[in-house]
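Asker: The structure file work05.cif (mmCIF, N, CA and C atoms) is provided below.
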```
data_run
#
loop_
_atom_site.label_atom_id
_atom_site.label_comp_id
_atom_site.auth_asym_id
_atom_site.auth_seq_id
_atom_site.Cartn_x
_atom_site.Cartn_y
_atom_site.Cartn_z
N MET A 117 -98.71 -65.83 -96.81
CA MET A 117 -98.61 -64.41 -96.51
C MET A 117 -98.32 -64.17 -95.03
N GLN A 118 -99.00 -64.96 -94.17
CA GLN A 118 -98.79 -64.83 -92.73
C GLN A 118 -97.32 -65.10 -92.38
N SER A 119 -96.72 -66.08 -93.02
CA SER A 119 -95.32 -66.42 -92.77
C SER A 119 -94.40 -65.27 -93.12
N LEU A 120 -94.69 -64.57 -94.20
CA LEU A 120 -93.86 -63.42 -94.58
C LEU A 120 -93.99 -62.30 -93.56
N ILE A 121 -95.17 -62.09 -93.04
CA ILE A 121 -95.38 -61.04 -92.02
C ILE A 121 -94.61 -61.41 -90.75
N GLU A 122 -94.72 -62.68 -90.34
CA GLU A 122 -94.00 -63.14 -89.15
C GLU A 122 -92.49 -63.01 -89.35
N PHE A 123 -92.03 -63.38 -90.55
CA PHE A 123 -90.61 -63.27 -90.86
C PHE A 123 -90.16 -61.81 -90.81
N GLY A 124 -90.99 -60.93 -91.34
CA GLY A 124 -90.69 -59.49 -91.31
C GLY A 124 -90.61 -58.98 -89.87
N GLN A 125 -91.51 -59.45 -89.01
CA GLN A 125 -91.48 -59.05 -87.60
C GLN A 125 -90.21 -59.57 -86.92
N LEU A 126 -89.82 -60.78 -87.26
CA LEU A 126 -88.57 -61.34 -86.72
C LEU A 126 -87.37 -60.51 -87.15
N LEU A 127 -87.37 -60.09 -88.42
CA LEU A 127 -86.28 -59.26 -88.92
C LEU A 127 -86.24 -57.92 -88.17
N ILE A 128 -87.40 -57.34 -87.92
CA ILE A 128 -87.46 -56.07 -87.18
C ILE A 128 -86.94 -56.26 -85.76
N GLU A 129 -87.35 -57.36 -85.10
CA GLU A 129 -86.87 -57.64 -83.75
C GLU A 129 -85.36 -57.89 -83.75
N PHE A 130 -84.89 -58.62 -84.77
CA PHE A 130 -83.47 -58.89 -84.87
C PHE A 130 -82.68 -57.59 -85.06
N ARG A 131 -83.21 -56.70 -85.92
CA ARG A 131 -82.57 -55.40 -86.15
C ARG A 131 -82.50 -54.62 -84.84
N GLN A 132 -83.60 -54.63 -84.06
CA GLN A 132 -83.63 -53.91 -82.78
C GLN A 132 -82.59 -54.51 -81.82
N SER A 133 -82.48 -55.84 -81.83
CA SER A 133 -81.49 -56.50 -80.98
C SER A 133 -80.08 -56.08 -81.36
N LEU A 134 -79.84 -55.98 -82.67
CA LEU A 134 -78.52 -55.55 -83.13
C LEU A 134 -78.23 -54.11 -82.70
N ILE A 135 -79.24 -53.26 -82.78
CA ILE A 135 -79.07 -51.86 -82.36
C ILE A 135 -78.74 -51.82 -80.87
N GLU A 136 -79.48 -52.57 -80.07
CA GLU A 136 -79.23 -52.60 -78.63
C GLU A 136 -77.84 -53.16 -78.32
N PHE A 137 -77.45 -54.21 -79.05
CA PHE A 137 -76.12 -54.78 -78.87
C PHE A 137 -75.05 -53.75 -79.23
N GLY A 138 -75.27 -53.04 -80.31
CA GLY A 138 -74.32 -52.00 -80.72
C GLY A 138 -74.20 -50.92 -79.66
N GLN A 139 -75.33 -50.53 -79.07
CA GLN A 139 -75.29 -49.53 -78.00
C GLN A 139 -74.52 -50.06 -76.79
N SER A 140 -74.71 -51.35 -76.47
CA SER A 140 -73.98 -51.96 -75.36
C SER A 140 -72.48 -51.94 -75.64
N LEU A 141 -72.11 -52.24 -76.88
CA LEU A 141 -70.69 -52.20 -77.25
C LEU A 141 -70.11 -50.79 -77.11
N ILE A 142 -70.88 -49.81 -77.51
CA ILE A 142 -70.43 -48.42 -77.38
C ILE A 142 -70.24 -48.08 -75.91
N GLU A 143 -71.19 -48.47 -75.06
CA GLU A 143 -71.07 -48.21 -73.63
C GLU A 143 -69.87 -48.95 -73.04
N PHE A 144 -69.66 -50.20 -73.47
CA PHE A 144 -68.52 -50.98 -73.00
C PHE A 144 -67.21 -50.33 -73.42
N ARG A 145 -67.15 -49.87 -74.67
CA ARG A 145 -65.95 -49.19 -75.17
C ARG A 145 -65.67 -47.94 -74.32
N GLN A 146 -66.71 -47.18 -74.00
CA GLN A 146 -66.54 -45.99 -73.18
C GLN A 146 -66.03 -46.35 -71.80
N SER A 147 -66.56 -47.45 -71.24
CA SER A 147 -66.08 -47.90 -69.93
C SER A 147 -64.60 -48.26 -69.99
N LEU A 148 -64.20 -48.93 -71.06
CA LEU A 148 -62.78 -49.28 -71.22
C LEU A 148 -61.91 -48.03 -71.33
N ILE A 149 -62.39 -47.04 -72.05
CA ILE A 149 -61.64 -45.79 -72.18
C ILE A 149 -61.49 -45.13 -70.82
N GLU A 150 -62.59 -45.08 -70.06
CA GLU A 150 -62.54 -44.48 -68.72
C GLU A 150 -61.60 -45.27 -67.81
N PHE A 151 -61.66 -46.61 -67.88
CA PHE A 151 -60.78 -47.44 -67.07
C PHE A 151 -59.32 -47.20 -67.46
N GLY A 152 -59.07 -47.10 -68.75
CA GLY A 152 -57.70 -46.82 -69.21
C GLY A 152 -57.20 -45.48 -68.70
N GLN A 153 -58.08 -44.49 -68.64
CA GLN A 153 -57.69 -43.18 -68.12
C GLN A 153 -57.36 -43.28 -66.64
N ILE A 154 -58.14 -44.07 -65.91
CA ILE A 154 -57.85 -44.26 -64.49
C ILE A 154 -56.49 -44.94 -64.32
N LEU A 155 -56.26 -45.99 -65.12
CA LEU A 155 -54.99 -46.70 -65.01
C LEU A 155 -53.81 -45.81 -65.38
N SER A 156 -53.96 -45.03 -66.43
CA SER A 156 -52.84 -44.20 -66.86
C SER A 156 -52.54 -43.09 -65.84
N ALA A 157 -53.56 -42.71 -65.07
CA ALA A 157 -53.35 -41.68 -64.04
C ALA A 157 -52.77 -42.28 -62.77
N ASN A 158 -52.81 -43.59 -62.65
CA ASN A 158 -52.32 -44.28 -61.47
C ASN A 158 -50.87 -44.68 -61.70
N GLU A 159 -49.98 -44.09 -60.96
CA GLU A 159 -48.56 -44.34 -61.17
C GLU A 159 -48.02 -45.46 -60.29
N ARG A 160 -48.90 -46.10 -59.50
CA ARG A 160 -48.44 -47.18 -58.64
C ARG A 160 -48.03 -48.39 -59.47
N THR A 161 -47.09 -49.13 -58.94
CA THR A 161 -46.66 -50.37 -59.57
C THR A 161 -47.06 -51.54 -58.68
N TYR A 162 -46.86 -52.73 -59.19
CA TYR A 162 -47.15 -53.94 -58.41
C TYR A 162 -46.32 -53.93 -57.12
N ILE A 163 -45.10 -53.48 -57.22
CA ILE A 163 -44.22 -53.43 -56.03
C ILE A 163 -44.78 -52.46 -55.00
N ASP A 164 -45.36 -51.35 -55.45
CA ASP A 164 -45.98 -50.40 -54.51
C ASP A 164 -47.12 -51.05 -53.74
N LEU A 165 -47.85 -51.95 -54.39
CA LEU A 165 -49.01 -52.56 -53.76
C LEU A 165 -48.64 -53.57 -52.68
N VAL A 166 -47.42 -54.09 -52.70
CA VAL A 166 -47.04 -55.09 -51.69
C VAL A 166 -46.20 -54.49 -50.57
N THR A 167 -46.16 -53.17 -50.50
CA THR A 167 -45.56 -52.52 -49.33
C THR A 167 -46.58 -52.56 -48.20
N ALA A 168 -46.14 -52.24 -46.99
CA ALA A 168 -47.08 -52.24 -45.85
C ALA A 168 -48.27 -51.33 -46.12
N SER A 169 -48.02 -50.13 -46.64
CA SER A 169 -49.14 -49.21 -46.90
C SER A 169 -50.00 -49.68 -48.07
N GLY A 170 -49.39 -50.28 -49.07
CA GLY A 170 -50.15 -50.83 -50.19
C GLY A 170 -51.05 -51.96 -49.75
N LEU A 171 -50.55 -52.82 -48.87
CA LEU A 171 -51.36 -53.92 -48.35
C LEU A 171 -52.51 -53.41 -47.50
N GLU A 172 -52.28 -52.34 -46.76
CA GLU A 172 -53.38 -51.73 -45.99
C GLU A 172 -54.49 -51.27 -46.92
N GLU A 173 -54.12 -50.70 -48.03
CA GLU A 173 -55.11 -50.23 -49.01
C GLU A 173 -55.88 -51.42 -49.61
N ILE A 174 -55.16 -52.47 -49.95
CA ILE A 174 -55.80 -53.66 -50.52
C ILE A 174 -56.77 -54.28 -49.53
N ALA A 175 -56.41 -54.26 -48.25
CA ALA A 175 -57.26 -54.87 -47.22
C ALA A 175 -58.63 -54.20 -47.10
N LYS A 176 -58.76 -53.00 -47.66
CA LYS A 176 -60.05 -52.31 -47.63
C LYS A 176 -61.07 -52.96 -48.57
N TYR A 177 -60.58 -53.69 -49.58
CA TYR A 177 -61.51 -54.26 -50.55
C TYR A 177 -61.28 -55.74 -50.85
N ALA A 178 -60.25 -56.34 -50.26
CA ALA A 178 -59.96 -57.74 -50.58
C ALA A 178 -59.70 -58.54 -49.31
N GLN A 179 -59.80 -59.84 -49.44
CA GLN A 179 -59.53 -60.72 -48.32
C GLN A 179 -58.20 -61.43 -48.46
N ALA A 180 -57.63 -61.42 -49.66
CA ALA A 180 -56.39 -62.14 -49.91
C ALA A 180 -55.62 -61.47 -51.03
N VAL A 181 -54.33 -61.79 -51.11
CA VAL A 181 -53.50 -61.32 -52.20
C VAL A 181 -52.81 -62.53 -52.83
N GLY A 182 -52.64 -62.47 -54.13
CA GLY A 182 -51.88 -63.48 -54.86
C GLY A 182 -50.53 -62.89 -55.20
N ILE A 183 -49.49 -63.50 -54.69
CA ILE A 183 -48.14 -62.94 -54.79
C ILE A 183 -47.22 -63.91 -55.53
N HIS A 184 -46.39 -63.38 -56.40
CA HIS A 184 -45.36 -64.22 -57.02
C HIS A 184 -44.34 -64.61 -55.97
N LYS A 185 -43.91 -65.85 -56.00
CA LYS A 185 -43.02 -66.36 -54.95
C LYS A 185 -41.71 -65.58 -54.85
N ASN A 186 -41.27 -64.97 -55.93
CA ASN A 186 -40.02 -64.20 -55.87
C ASN A 186 -40.14 -62.93 -55.02
N LEU A 187 -41.37 -62.47 -54.79
CA LEU A 187 -41.54 -61.30 -53.93
C LEU A 187 -41.48 -61.68 -52.45
N LEU A 188 -41.70 -62.95 -52.14
CA LEU A 188 -41.59 -63.41 -50.75
C LEU A 188 -40.17 -63.83 -50.42
N VAL A 189 -39.56 -64.53 -51.37
CA VAL A 189 -38.18 -64.98 -51.19
C VAL A 189 -37.42 -64.58 -52.45
N PRO A 190 -36.77 -63.42 -52.41
CA PRO A 190 -36.04 -62.95 -53.60
C PRO A 190 -34.84 -63.83 -53.91
N LYS A 191 -34.36 -63.72 -55.13
CA LYS A 191 -33.17 -64.45 -55.57
C LYS A 191 -32.05 -63.45 -55.82
N ASP A 192 -30.82 -63.91 -55.66
CA ASP A 192 -29.69 -63.06 -56.01
C ASP A 192 -29.41 -63.22 -57.51
N SER A 193 -28.37 -62.58 -58.00
CA SER A 193 -28.09 -62.58 -59.43
C SER A 193 -27.74 -63.97 -59.95
N SER A 194 -27.30 -64.87 -59.07
CA SER A 194 -26.98 -66.23 -59.51
C SER A 194 -28.19 -67.17 -59.40
N GLY A 195 -29.31 -66.64 -58.88
CA GLY A 195 -30.51 -67.46 -58.76
C GLY A 195 -30.68 -68.13 -57.41
N LYS A 196 -29.74 -67.89 -56.50
CA LYS A 196 -29.83 -68.47 -55.15
C LYS A 196 -30.77 -67.64 -54.29
N LEU A 197 -31.39 -68.29 -53.32
CA LEU A 197 -32.33 -67.62 -52.44
C LEU A 197 -31.66 -66.62 -51.52
N ARG A 198 -32.34 -65.52 -51.32
CA ARG A 198 -31.94 -64.53 -50.32
C ARG A 198 -32.88 -64.68 -49.14
N SER A 199 -32.76 -63.83 -48.16
CA SER A 199 -33.63 -63.90 -46.98
C SER A 199 -35.05 -63.54 -47.36
N PRO A 200 -36.03 -64.20 -46.72
CA PRO A 200 -37.43 -63.89 -47.00
C PRO A 200 -37.76 -62.44 -46.63
N THR A 201 -38.71 -61.86 -47.34
CA THR A 201 -39.18 -60.51 -47.02
C THR A 201 -40.23 -60.60 -45.92
N SER A 202 -40.71 -59.47 -45.48
CA SER A 202 -41.74 -59.43 -44.44
C SER A 202 -43.15 -59.35 -45.04
N LEU A 203 -43.28 -59.65 -46.31
CA LEU A 203 -44.55 -59.50 -47.00
C LEU A 203 -45.67 -60.32 -46.35
N VAL A 204 -45.42 -61.57 -46.00
CA VAL A 204 -46.45 -62.40 -45.38
C VAL A 204 -46.86 -61.81 -44.04
N ILE A 205 -45.88 -61.42 -43.25
CA ILE A 205 -46.16 -60.83 -41.93
C ILE A 205 -46.97 -59.56 -42.09
N ASN A 206 -46.58 -58.70 -43.03
CA ASN A 206 -47.30 -57.45 -43.26
C ASN A 206 -48.73 -57.68 -43.75
N ALA A 207 -48.91 -58.66 -44.64
CA ALA A 207 -50.25 -58.96 -45.15
C ALA A 207 -51.13 -59.51 -44.04
N HIS A 208 -50.61 -60.42 -43.25
CA HIS A 208 -51.39 -60.99 -42.16
C HIS A 208 -51.73 -59.91 -41.12
N ALA A 209 -50.83 -58.96 -40.93
CA ALA A 209 -51.06 -57.89 -39.95
C ALA A 209 -52.28 -57.04 -40.29
N VAL A 210 -52.61 -56.95 -41.58
CA VAL A 210 -53.79 -56.17 -41.98
C VAL A 210 -54.97 -57.08 -42.35
N GLY A 211 -54.85 -58.36 -41.99
CA GLY A 211 -55.96 -59.28 -42.17
C GLY A 211 -56.07 -59.93 -43.53
N LEU A 212 -55.02 -59.88 -44.33
CA LEU A 212 -55.05 -60.49 -45.66
C LEU A 212 -54.45 -61.90 -45.64
N LEU A 213 -55.07 -62.80 -46.35
CA LEU A 213 -54.48 -64.11 -46.60
C LEU A 213 -53.49 -63.95 -47.74
N VAL A 214 -52.51 -64.86 -47.80
CA VAL A 214 -51.49 -64.79 -48.85
C VAL A 214 -51.46 -66.10 -49.62
N HIS A 215 -51.67 -65.98 -50.93
CA HIS A 215 -51.58 -67.13 -51.83
C HIS A 215 -50.42 -66.85 -52.78
N VAL A 216 -49.58 -67.83 -52.95
CA VAL A 216 -48.35 -67.64 -53.74
C VAL A 216 -48.45 -68.44 -55.04
N TRP A 217 -47.87 -67.89 -56.09
CA TRP A 217 -47.89 -68.54 -57.40
C TRP A 217 -46.53 -68.52 -58.05
N THR A 218 -46.32 -69.30 -59.00
CA THR A 218 -46.88 -70.58 -59.39
C THR A 218 -45.83 -71.64 -59.12
N PHE A 219 -46.25 -72.73 -58.54
CA PHE A 219 -45.35 -73.82 -58.19
C PHE A 219 -45.43 -74.91 -59.26
N CYS A 220 -44.27 -75.40 -59.64
CA CYS A 220 -44.16 -76.45 -60.65
C CYS A 220 -43.14 -77.48 -60.16
N ASN A 221 -43.16 -78.65 -60.75
CA ASN A 221 -42.21 -79.71 -60.38
C ASN A 221 -40.94 -79.69 -61.22
N GLU A 222 -41.02 -79.11 -62.41
CA GLU A 222 -39.87 -79.16 -63.32
C GLU A 222 -38.74 -78.27 -62.82
N ASP A 223 -37.52 -78.80 -62.90
CA ASP A 223 -36.35 -78.06 -62.43
C ASP A 223 -36.21 -76.69 -63.08
N CYS A 224 -36.63 -76.56 -64.33
CA CYS A 224 -36.48 -75.27 -65.00
C CYS A 224 -37.34 -74.18 -64.35
N PHE A 225 -38.33 -74.56 -63.54
CA PHE A 225 -39.18 -73.59 -62.85
C PHE A 225 -38.87 -73.49 -61.36
N LEU A 226 -38.18 -74.48 -60.83
CA LEU A 226 -37.88 -74.49 -59.40
C LEU A 226 -36.77 -73.50 -59.07
N LEU A 227 -36.83 -72.97 -57.86
CA LEU A 227 -35.71 -72.16 -57.38
C LEU A 227 -34.48 -73.05 -57.35
N LEU A 228 -33.32 -72.49 -57.62
CA LEU A 228 -32.10 -73.29 -57.71
C LEU A 228 -31.86 -74.13 -56.46
N ASP A 229 -32.19 -73.59 -55.31
CA ASP A 229 -31.98 -74.30 -54.06
C ASP A 229 -32.85 -75.55 -53.95
N PHE A 230 -33.84 -75.69 -54.81
CA PHE A 230 -34.78 -76.82 -54.71
C PHE A 230 -34.82 -77.67 -55.98
N GLN A 231 -33.77 -77.60 -56.79
CA GLN A 231 -33.71 -78.44 -57.97
C GLN A 231 -33.84 -79.90 -57.55
N GLY A 232 -34.77 -80.62 -58.17
CA GLY A 232 -34.99 -82.02 -57.84
C GLY A 232 -35.77 -82.24 -56.55
N ASN A 233 -36.20 -81.16 -55.89
CA ASN A 233 -36.91 -81.27 -54.62
C ASN A 233 -38.06 -80.27 -54.56
N PRO A 234 -39.09 -80.46 -55.39
CA PRO A 234 -40.19 -79.49 -55.37
C PRO A 234 -40.89 -79.44 -54.02
N GLN A 235 -40.94 -80.55 -53.29
CA GLN A 235 -41.58 -80.55 -51.97
C GLN A 235 -40.88 -79.57 -51.03
N GLY A 236 -39.57 -79.47 -51.15
CA GLY A 236 -38.82 -78.54 -50.30
C GLY A 236 -39.22 -77.10 -50.53
N GLU A 237 -39.53 -76.78 -51.78
CA GLU A 237 -39.97 -75.42 -52.08
C GLU A 237 -41.31 -75.13 -51.42
N TYR A 238 -42.23 -76.07 -51.51
CA TYR A 238 -43.52 -75.90 -50.82
C TYR A 238 -43.31 -75.73 -49.32
N GLU A 239 -42.47 -76.58 -48.75
CA GLU A 239 -42.23 -76.53 -47.30
C GLU A 239 -41.69 -75.17 -46.88
N LEU A 240 -40.78 -74.61 -47.68
CA LEU A 240 -40.25 -73.28 -47.35
C LEU A 240 -41.37 -72.25 -47.29
N PHE A 241 -42.20 -72.21 -48.31
CA PHE A 241 -43.23 -71.18 -48.36
C PHE A 241 -44.31 -71.38 -47.31
N PHE A 242 -44.69 -72.62 -47.05
CA PHE A 242 -45.67 -72.84 -45.98
C PHE A 242 -45.06 -72.50 -44.62
N SER A 243 -43.75 -72.71 -44.46
CA SER A 243 -43.12 -72.34 -43.19
C SER A 243 -43.09 -70.82 -42.99
N LEU A 244 -43.18 -70.07 -44.08
CA LEU A 244 -43.23 -68.61 -43.99
C LEU A 244 -44.63 -68.10 -43.66
N GLY A 245 -45.61 -69.02 -43.66
CA GLY A 245 -46.96 -68.64 -43.27
C GLY A 245 -47.93 -68.38 -44.40
N VAL A 246 -47.57 -68.75 -45.64
CA VAL A 246 -48.53 -68.55 -46.72
C VAL A 246 -49.76 -69.40 -46.47
N ASN A 247 -50.90 -68.91 -46.93
CA ASN A 247 -52.17 -69.59 -46.69
C ASN A 247 -52.56 -70.54 -47.81
N GLY A 248 -51.97 -70.36 -48.97
CA GLY A 248 -52.29 -71.23 -50.09
C GLY A 248 -51.33 -70.99 -51.24
N VAL A 249 -51.35 -71.92 -52.19
CA VAL A 249 -50.46 -71.81 -53.34
C VAL A 249 -51.24 -72.11 -54.62
N PHE A 250 -50.77 -71.56 -55.70
CA PHE A 250 -51.24 -71.93 -57.03
C PHE A 250 -50.18 -72.90 -57.55
N SER A 251 -50.60 -74.08 -57.96
CA SER A 251 -49.64 -75.10 -58.35
C SER A 251 -50.11 -75.84 -59.58
N ASP A 252 -49.15 -76.17 -60.43
CA ASP A 252 -49.45 -77.03 -61.57
C ASP A 252 -49.54 -78.49 -61.13
N TYR A 253 -49.04 -78.78 -59.92
CA TYR A 253 -49.02 -80.15 -59.39
C TYR A 253 -49.48 -80.14 -57.94
N PRO A 254 -50.78 -79.97 -57.68
CA PRO A 254 -51.25 -79.86 -56.30
C PRO A 254 -50.96 -81.09 -55.45
N ASP A 255 -50.81 -82.27 -56.07
CA ASP A 255 -50.51 -83.45 -55.29
C ASP A 255 -49.10 -83.39 -54.69
N THR A 256 -48.24 -82.55 -55.23
CA THR A 256 -46.87 -82.43 -54.71
C THR A 256 -46.82 -81.65 -53.40
N THR A 257 -47.85 -80.88 -53.11
CA THR A 257 -47.81 -80.06 -51.90
C THR A 257 -47.68 -80.90 -50.64
N GLY A 258 -48.13 -82.15 -50.69
CA GLY A 258 -48.07 -83.00 -49.51
C GLY A 258 -49.25 -82.80 -48.59
N PHE A 259 -50.17 -81.91 -48.99
CA PHE A 259 -51.34 -81.62 -48.18
C PHE A 259 -52.57 -82.16 -48.90
N HIS A 260 -53.52 -82.58 -48.13
CA HIS A 260 -54.80 -83.03 -48.67
C HIS A 260 -55.87 -82.16 -48.05
N PHE A 261 -56.62 -81.51 -48.88
CA PHE A 261 -57.61 -80.55 -48.41
C PHE A 261 -59.03 -81.09 -48.60
N THR A 262 -59.89 -80.72 -47.69
CA THR A 262 -61.30 -81.00 -47.82
C THR A 262 -62.00 -79.68 -48.07
N VAL A 263 -62.72 -79.60 -49.17
CA VAL A 263 -63.42 -78.38 -49.50
C VAL A 263 -64.79 -78.40 -48.82
N GLN A 264 -65.10 -77.32 -48.12
CA GLN A 264 -66.39 -77.19 -47.47
C GLN A 264 -67.10 -75.97 -48.02
N TRP A 265 -68.36 -76.14 -48.36
CA TRP A 265 -69.15 -75.02 -48.89
C TRP A 265 -70.10 -74.53 -47.86
#
```
Starting from the file, lay out its structure as structure tokens.

Answerer:
Amino acid sequence: MQSLIEFGQLLIEFRQSLIEFGQSLIEFRQSLIEFGQILSANERTYIDLVTASGLEEIAKYAQAVGIHKNLLVPKDSSGKLRSPTSLVINAHAVGLLVHVWTFCNEDCFLLLDFQGNPQGEYELFFSLGVNGVFSDYPDTTGFHFTVQW
């Protein structure tokens, strides 16, 4: 009999946990709805955020930006490199570090100017002053880092 009472109490506690979980889900859903409303009211694009004024705004709440490499060094319609933008200079001017993504070794992902030479692509971006890269092949960067905590 005692076991049935204990089991009944467990079921009651479990039911209460489910109710609390359900309430959490409802609150989470409401938060998502509110976030969606904020996003839909915000007409800025990713390109707006990497302008000088956009970077100033980001610097109020972040220490670094992750940028696609094509925004630093655009390509022309044939896939050849154009002149670098001032994005790194502008980000550093407001105190932001710049991390660029994503570097790969395969020619299908390399900029045309660096087919067969992934190290050259890294060298270009580091010469522009980027502070770090996201890479599928970190050993290709030619740099060896020591992590300090």

Asker: Just say which residues the PyMOL selection byres ((chain A and resi 188) around 6.5) picks in this file, as a ChimeraX atom specification.

Answerer: /A:184-187,189-190,199-201,203-204

Asker: Let me know the residues the PyMOL selection byres ((chain A and resi 192-196) around 6.5) catches in the file above, as an NGL selection string.

Answerer: :A and (190-191 or 197-198 or 227-229)

Asker: The PyMOL selection byres ((chain A and resi 256) around 8) - which residues does that actually catch in the file I just gave you? List them as a PyMOL selection string.

Answerer: chain A and resi 221+234-236+238+252-255+257-259

Asker: What is the distance between atom N of Ser156 (chain A) and atom C of Ala207 (chain A), in Å to one decimal?

Answerer: 26.8 Å

Asker: Would you compute the distance between atom C of Arg131 (chain A) and atom C of Glu150 (chain A)? Give it in Å to one decimal.

Answerer: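 Between these atoms lies a distance of 28.5 Å.
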
Asker: Give me, as a PyMOL selection string, the residues of region 139-259 of chain A that a backbone DSSP run labels strand (DSSP E or B).

Answerer: chain A and resi 180-184+191+197+213-219+248-251

Asker: Determine, counting only C-alpha atoms, every residue of protein, DNA or RNA that lies within 12 Å of (-57.0, -54.1, -47.4) in the file coordinates, then give the result as a PyMOL selection string.

Answerer: chain A and resi 165-181+206-213

Asker: Please measure the separation of atom C of Ser147 (chain A) and CA of Tyr162 (chain A), giving the value in Å to one decimal.

Answerer: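 Between atom C of Ser147 (chain A) and CA of Tyr162 (chain A) the gap is 21.7 Å.
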
Asker: Please enclose the listed atoms of region 242-254 of chain A in an axis-aligned box, pad each side by 3 Å, and write out the centre and the three edge lengths in Å, rounded to one decimal, as JSON.

Answerer:
```
{"center_x": -47.8, "center_y": -74.6, "center_z": -52.3, "size_x": 15.5, "size_y": 19.0, "size_z": 24.6}
```

Asker: From the options A:Glu122, A:Asp223, A:Phe230, A:Val214, which residue's atoms come nearest to Phe242 (chain A), counting only C-alpha atoms?

Answerer: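 Once distances to Phe242 (chain A) are computed over only C-alpha atoms, the minimum belongs to A:Val214.
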
Asker: Just the residues within 8 Å of Glu222 (chain A), please, counting only N, CA and C atoms, with nothing from its chain fewer than 2 positions along; format it as an mmCIF file with N, CA and C atoms, in the coordinates of the input.

Answerer:
```cif
data_model
loop_
_atom_site.group_PDB
_atom_site.id
_atom_site.type_symbol
_atom_site.label_atom_id
_atom_site.label_comp_id
_atom_site.auth_asym_id
_atom_site.auth_seq_id
_atom_site.Cartn_x
_atom_site.Cartn_y
_atom_site.Cartn_z
ATOM 1 N N PHE A 219 -46.250 -72.730 -58.540
ATOM 2 C CA PHE A 219 -45.350 -73.820 -58.190
ATOM 3 C C PHE A 219 -45.430 -74.910 -59.260
ATOM 4 N N CYS A 220 -44.270 -75.400 -59.640
ATOM 5 C CA CYS A 220 -44.160 -76.450 -60.650
ATOM 6 C C CYS A 220 -43.140 -77.480 -60.160
ATOM 7 N N CYS A 224 -36.630 -76.560 -64.330
ATOM 8 C CA CYS A 224 -36.480 -75.270 -65.000
ATOM 9 C C CYS A 224 -37.340 -74.180 -64.350
ATOM 10 N N PHE A 225 -38.330 -74.560 -63.540
ATOM 11 C CA PHE A 225 -39.180 -73.590 -62.850
ATOM 12 C C PHE A 225 -38.870 -73.490 -61.360
ATOM 13 N N LEU A 226 -38.180 -74.480 -60.830
ATOM 14 C CA LEU A 226 -37.880 -74.490 -59.400
ATOM 15 C C LEU A 226 -36.770 -73.500 -59.070
ATOM 16 N N LEU A 227 -36.830 -72.970 -57.860
ATOM 17 C CA LEU A 227 -35.710 -72.160 -57.380
ATOM 18 C C LEU A 227 -34.480 -73.050 -57.350
ATOM 19 N N PHE A 230 -33.840 -75.690 -54.810
ATOM 20 C CA PHE A 230 -34.780 -76.820 -54.710
ATOM 21 C C PHE A 230 -34.820 -77.670 -55.980
ATOM 22 N N GLN A 231 -33.770 -77.600 -56.790
ATOM 23 C CA GLN A 231 -33.710 -78.440 -57.970
ATOM 24 C C GLN A 231 -33.840 -79.900 -57.550
ATOM 25 N N GLY A 232 -34.770 -80.620 -58.170
ATOM 26 C CA GLY A 232 -34.990 -82.020 -57.840
ATOM 27 C C GLY A 232 -35.770 -82.240 -56.550
ATOM 28 N N ASN A 233 -36.200 -81.160 -55.890
ATOM 29 C CA ASN A 233 -36.910 -81.270 -54.620
ATOM 30 C C ASN A 233 -38.060 -80.270 -54.560
ATOM 31 N N PRO A 234 -39.090 -80.460 -55.390
ATOM 32 C CA PRO A 234 -40.190 -79.490 -55.370
ATOM 33 C C PRO A 234 -40.890 -79.440 -54.020
#
```

Asker: Tell me, which residues of chain A carry DSSP helix (DSSP H, G or I), written as a count of residues only?

Answerer: 79

Asker: Because the input lacks atoms here, generate N, CA, C and O atoms for region 136-142 of chain A and report them as a PDB file, in the frame of the given file.

Answerer:
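The resulting file, rebuild-v7.pdb, is reproduced below:
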```pdb
ATOM      1  N   GLU A 136     -79.480 -52.570 -80.070  1.00  0.00           N
ATOM      2  CA  GLU A 136     -79.230 -52.600 -78.630  1.00  0.00           C
ATOM      3  C   GLU A 136     -77.840 -53.160 -78.320  1.00  0.00           C
ATOM      4  O   GLU A 136     -77.128 -52.658 -77.452  1.00  0.00           O
ATOM      5  N   PHE A 137     -77.450 -54.210 -79.050  1.00  0.00           N
ATOM      6  CA  PHE A 137     -76.120 -54.780 -78.870  1.00  0.00           C
ATOM      7  C   PHE A 137     -75.050 -53.750 -79.230  1.00  0.00           C
ATOM      8  O   PHE A 137     -74.065 -53.595 -78.512  1.00  0.00           O
ATOM      9  N   GLY A 138     -75.270 -53.040 -80.310  1.00  0.00           N
ATOM     10  CA  GLY A 138     -74.320 -52.000 -80.720  1.00  0.00           C
ATOM     11  C   GLY A 138     -74.200 -50.920 -79.660  1.00  0.00           C
ATOM     12  O   GLY A 138     -73.103 -50.450 -79.353  1.00  0.00           O
ATOM     13  N   GLN A 139     -75.330 -50.530 -79.070  1.00  0.00           N
ATOM     14  CA  GLN A 139     -75.290 -49.530 -78.000  1.00  0.00           C
ATOM     15  C   GLN A 139     -74.520 -50.060 -76.790  1.00  0.00           C
ATOM     16  O   GLN A 139     -73.756 -49.336 -76.158  1.00  0.00           O
ATOM     17  N   SER A 140     -74.710 -51.350 -76.470  1.00  0.00           N
ATOM     18  CA  SER A 140     -73.980 -51.960 -75.360  1.00  0.00           C
ATOM     19  C   SER A 140     -72.480 -51.940 -75.640  1.00  0.00           C
ATOM     20  O   SER A 140     -71.667 -51.683 -74.745  1.00  0.00           O
ATOM     21  N   LEU A 141     -72.110 -52.240 -76.880  1.00  0.00           N
ATOM     22  CA  LEU A 141     -70.690 -52.200 -77.250  1.00  0.00           C
ATOM     23  C   LEU A 141     -70.110 -50.790 -77.110  1.00  0.00           C
ATOM     24  O   LEU A 141     -68.987 -50.615 -76.647  1.00  0.00           O
ATOM     25  N   ILE A 142     -70.880 -49.810 -77.510  1.00  0.00           N
ATOM     26  CA  ILE A 142     -70.430 -48.420 -77.380  1.00  0.00           C
ATOM     27  C   ILE A 142     -70.240 -48.080 -75.910  1.00  0.00           C
ATOM     28  O   ILE A 142     -69.224 -47.476 -75.524  1.00  0.00           O
TER      29      ILE A 142
END
```
